[in-house]
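> Structure incoming, see below.
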Amino acid sequence: LGSAEYAAEHLGVPLILVLGHTHCGAVESTLAGGAEGHIKEITDEVRRAIGEETDPRKCEWLNARHSVSVLRGSEILS
């Protein structure tokens, strides 16, 4: 979120694109039980996005949708 806000506010980027993809490492790591250190911050957010879903393709879709939702909640990006 911070990177997108910086790009829009300071660099004048007019469009933010959220691109989900198959075989997403963050989703795979989350489904495998998460991670440690700062990567855990990412897998925790993915867990919020996917809930109890276990199908990797559905999780990738849910994660992308969640990212869009988070971006839409930003006052800077609105």
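All residue names refer to the structure tokens as shown: chains lettered A, B, ... in order, residues numbered from 1 in each chain, ligands numbered from 1 in order.
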Set the distance at 10 Å and use only C-alpha atoms: which residues neighbour region 16-22 of chain A once local chain neighbours fewer than 5 positions away are removed? I'd like the list as a list in words.
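Skipping anything fewer than 5 positions along the chain leaves Ala4, Glu5, Ala7, Ala8, Val27, Glu28, Pro56, Arg57, Lys58, Cys59, Glu60, Trp61, Leu62, Asn63, Ala64, Arg65, His66, Ser67, Val68, Leu71 and Leu77 of chain A.
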> Output N, CA, C and O atoms of each residue in that selection to a file, as a PDB file, in the first residue's frame.

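Okay, this is what ended up in selection-v7.pdb:
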ATOM      1  N   ALA A   4       2.332   1.978  -3.439  1.00  0.00           N
ATOM      2  CA  ALA A   4       1.330   2.482  -4.376  1.00  0.00           C
ATOM      3  C   ALA A   4       0.978   3.933  -4.053  1.00  0.00           C
ATOM      4  O   ALA A   4       0.853   4.766  -4.954  1.00  0.00           O
ATOM      5  N   GLU A   5       0.818   4.232  -2.764  1.00  0.00           N
ATOM      6  CA  GLU A   5       0.514   5.605  -2.373  1.00  0.00           C
ATOM      7  C   GLU A   5       1.660   6.549  -2.746  1.00  0.00           C
ATOM      8  O   GLU A   5       1.428   7.656  -3.242  1.00  0.00           O
ATOM      9  N   ALA A   7       3.832   6.154  -5.157  1.00  0.00           N
ATOM     10  CA  ALA A   7       3.850   6.289  -6.615  1.00  0.00           C
ATOM     11  C   ALA A   7       2.801   7.284  -7.093  1.00  0.00           C
ATOM     12  O   ALA A   7       3.080   8.131  -7.951  1.00  0.00           O
ATOM     13  N   ALA A   8       1.615   7.202  -6.529  1.00  0.00           N
ATOM     14  CA  ALA A   8       0.543   8.104  -6.949  1.00  0.00           C
ATOM     15  C   ALA A   8       0.786   9.534  -6.473  1.00  0.00           C
ATOM     16  O   ALA A   8       0.653  10.485  -7.248  1.00  0.00           O
ATOM     17  N   VAL A  27       1.255 -16.908  -1.726  1.00  0.00           N
ATOM     18  CA  VAL A  27       0.102 -17.773  -1.466  1.00  0.00           C
ATOM     19  C   VAL A  27       0.578 -19.170  -1.106  1.00  0.00           C
ATOM     20  O   VAL A  27       0.110 -19.776  -0.137  1.00  0.00           O
ATOM     21  N   GLU A  28       1.526 -19.695  -1.863  1.00  0.00           N
ATOM     22  CA  GLU A  28       2.046 -21.042  -1.581  1.00  0.00           C
ATOM     23  C   GLU A  28       2.655 -21.114  -0.185  1.00  0.00           C
ATOM     24  O   GLU A  28       2.443 -22.084   0.546  1.00  0.00           O
ATOM     25  N   PRO A  56      -5.263 -23.473  -4.229  1.00  0.00           N
ATOM     26  CA  PRO A  56      -4.283 -22.433  -4.591  1.00  0.00           C
ATOM     27  C   PRO A  56      -4.797 -21.425  -5.616  1.00  0.00           C
ATOM     28  O   PRO A  56      -4.550 -20.230  -5.479  1.00  0.00           O
ATOM     29  N   ARG A  57      -5.506 -21.863  -6.642  1.00  0.00           N
ATOM     30  CA  ARG A  57      -5.993 -20.927  -7.663  1.00  0.00           C
ATOM     31  C   ARG A  57      -7.028 -19.974  -7.078  1.00  0.00           C
ATOM     32  O   ARG A  57      -7.013 -18.786  -7.362  1.00  0.00           O
ATOM     33  N   LYS A  58      -7.928 -20.493  -6.245  1.00  0.00           N
ATOM     34  CA  LYS A  58      -8.909 -19.624  -5.591  1.00  0.00           C
ATOM     35  C   LYS A  58      -8.216 -18.648  -4.652  1.00  0.00           C
ATOM     36  O   LYS A  58      -8.591 -17.479  -4.559  1.00  0.00           O
ATOM     37  N   CYS A  59      -7.185 -19.124  -3.965  1.00  0.00           N
ATOM     38  CA  CYS A  59      -6.438 -18.261  -3.045  1.00  0.00           C
ATOM     39  C   CYS A  59      -5.748 -17.132  -3.789  1.00  0.00           C
ATOM     40  O   CYS A  59      -5.729 -15.990  -3.309  1.00  0.00           O
ATOM     41  N   GLU A  60      -5.187 -17.432  -4.944  1.00  0.00           N
ATOM     42  CA  GLU A  60      -4.528 -16.382  -5.733  1.00  0.00           C
ATOM     43  C   GLU A  60      -5.542 -15.319  -6.141  1.00  0.00           C
ATOM     44  O   GLU A  60      -5.262 -14.115  -6.064  1.00  0.00           O
ATOM     45  N   TRP A  61      -6.738 -15.739  -6.537  1.00  0.00           N
ATOM     46  CA  TRP A  61      -7.790 -14.818  -6.919  1.00  0.00           C
ATOM     47  C   TRP A  61      -8.232 -13.987  -5.715  1.00  0.00           C
ATOM     48  O   TRP A  61      -8.362 -12.762  -5.809  1.00  0.00           O
ATOM     49  N   LEU A  62      -8.464 -14.654  -4.578  1.00  0.00           N
ATOM     50  CA  LEU A  62      -8.880 -13.946  -3.364  1.00  0.00           C
ATOM     51  C   LEU A  62      -7.826 -12.940  -2.912  1.00  0.00           C
ATOM     52  O   LEU A  62      -8.157 -11.831  -2.457  1.00  0.00           O
ATOM     53  N   ASN A  63      -6.567 -13.305  -3.035  1.00  0.00           N
ATOM     54  CA  ASN A  63      -5.484 -12.408  -2.633  1.00  0.00           C
ATOM     55  C   ASN A  63      -5.458 -11.157  -3.512  1.00  0.00           C
ATOM     56  O   ASN A  63      -5.313 -10.039  -3.004  1.00  0.00           O
ATOM     57  N   ALA A  64      -5.631 -11.322  -4.806  1.00  0.00           N
ATOM     58  CA  ALA A  64      -5.660 -10.162  -5.708  1.00  0.00           C
ATOM     59  C   ALA A  64      -6.860  -9.272  -5.392  1.00  0.00           C
ATOM     60  O   ALA A  64      -6.736  -8.039  -5.334  1.00  0.00           O
ATOM     61  N   ARG A  65      -8.024  -9.876  -5.167  1.00  0.00           N
ATOM     62  CA  ARG A  65      -9.224  -9.107  -4.825  1.00  0.00           C
ATOM     63  C   ARG A  65      -9.031  -8.341  -3.509  1.00  0.00           C
ATOM     64  O   ARG A  65      -9.452  -7.196  -3.378  1.00  0.00           O
ATOM     65  N   HIS A  66      -8.389  -8.984  -2.553  1.00  0.00           N
ATOM     66  CA  HIS A  66      -8.118  -8.330  -1.275  1.00  0.00           C
ATOM     67  C   HIS A  66      -7.184  -7.130  -1.474  1.00  0.00           C
ATOM     68  O   HIS A  66      -7.395  -6.067  -0.872  1.00  0.00           O
ATOM     69  N   SER A  67      -6.188  -7.296  -2.314  1.00  0.00           N
ATOM     70  CA  SER A  67      -5.262  -6.190  -2.588  1.00  0.00           C
ATOM     71  C   SER A  67      -6.004  -4.995  -3.177  1.00  0.00           C
ATOM     72  O   SER A  67      -5.740  -3.849  -2.804  1.00  0.00           O
ATOM     73  N   VAL A  68      -6.921  -5.254  -4.087  1.00  0.00           N
ATOM     74  CA  VAL A  68      -7.725  -4.175  -4.669  1.00  0.00           C
ATOM     75  C   VAL A  68      -8.542  -3.492  -3.577  1.00  0.00           C
ATOM     76  O   VAL A  68      -8.611  -2.257  -3.512  1.00  0.00           O
ATOM     77  N   LEU A  71      -6.336  -1.207  -1.517  1.00  0.00           N
ATOM     78  CA  LEU A  71      -5.991  -0.006  -2.268  1.00  0.00           C
ATOM     79  C   LEU A  71      -7.174   0.950  -2.339  1.00  0.00           C
ATOM     80  O   LEU A  71      -7.008   2.168  -2.218  1.00  0.00           O
ATOM     81  N   LEU A  77      -5.132   7.278  -2.529  1.00  0.00           N
ATOM     82  CA  LEU A  77      -5.435   6.740  -3.845  1.00  0.00           C
ATOM     83  C   LEU A  77      -6.855   7.068  -4.317  1.00  0.00           C
ATOM     84  O   LEU A  77      -7.146   6.984  -5.505  1.00  0.00           O
TER      85      LEU A  77
END
> Would you please give, as a ChimeraX atom specification, all residues of region 23-76 of chain A that DSSP assigns to helix (DSSP H, G or I) based on the backbone?
/A:25-31,39-50,56-72
> What is the CA of Ile42 (chain A)-CA of Leu11 (chain A) distance in Å, reported with one decimal?
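Computing the Euclidean distance for CA of Ile42 (chain A) and CA of Leu11 (chain A) yields 24.7 Å.
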> Excluding same-chain residues fewer than 5 positions from Ala32 (chain A), what lies within 12 Å of it counting only C-alpha atoms, as a count of residues only?
8
> Counting only C-alpha atoms, which of A:Val70, A:Tyr6, A:Ile76, A:Ile50 gets nearest to Thr30 (chain A)?
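Using only C-alpha atoms, the shortest distance to Thr30 (chain A) belongs to A:Ile50.
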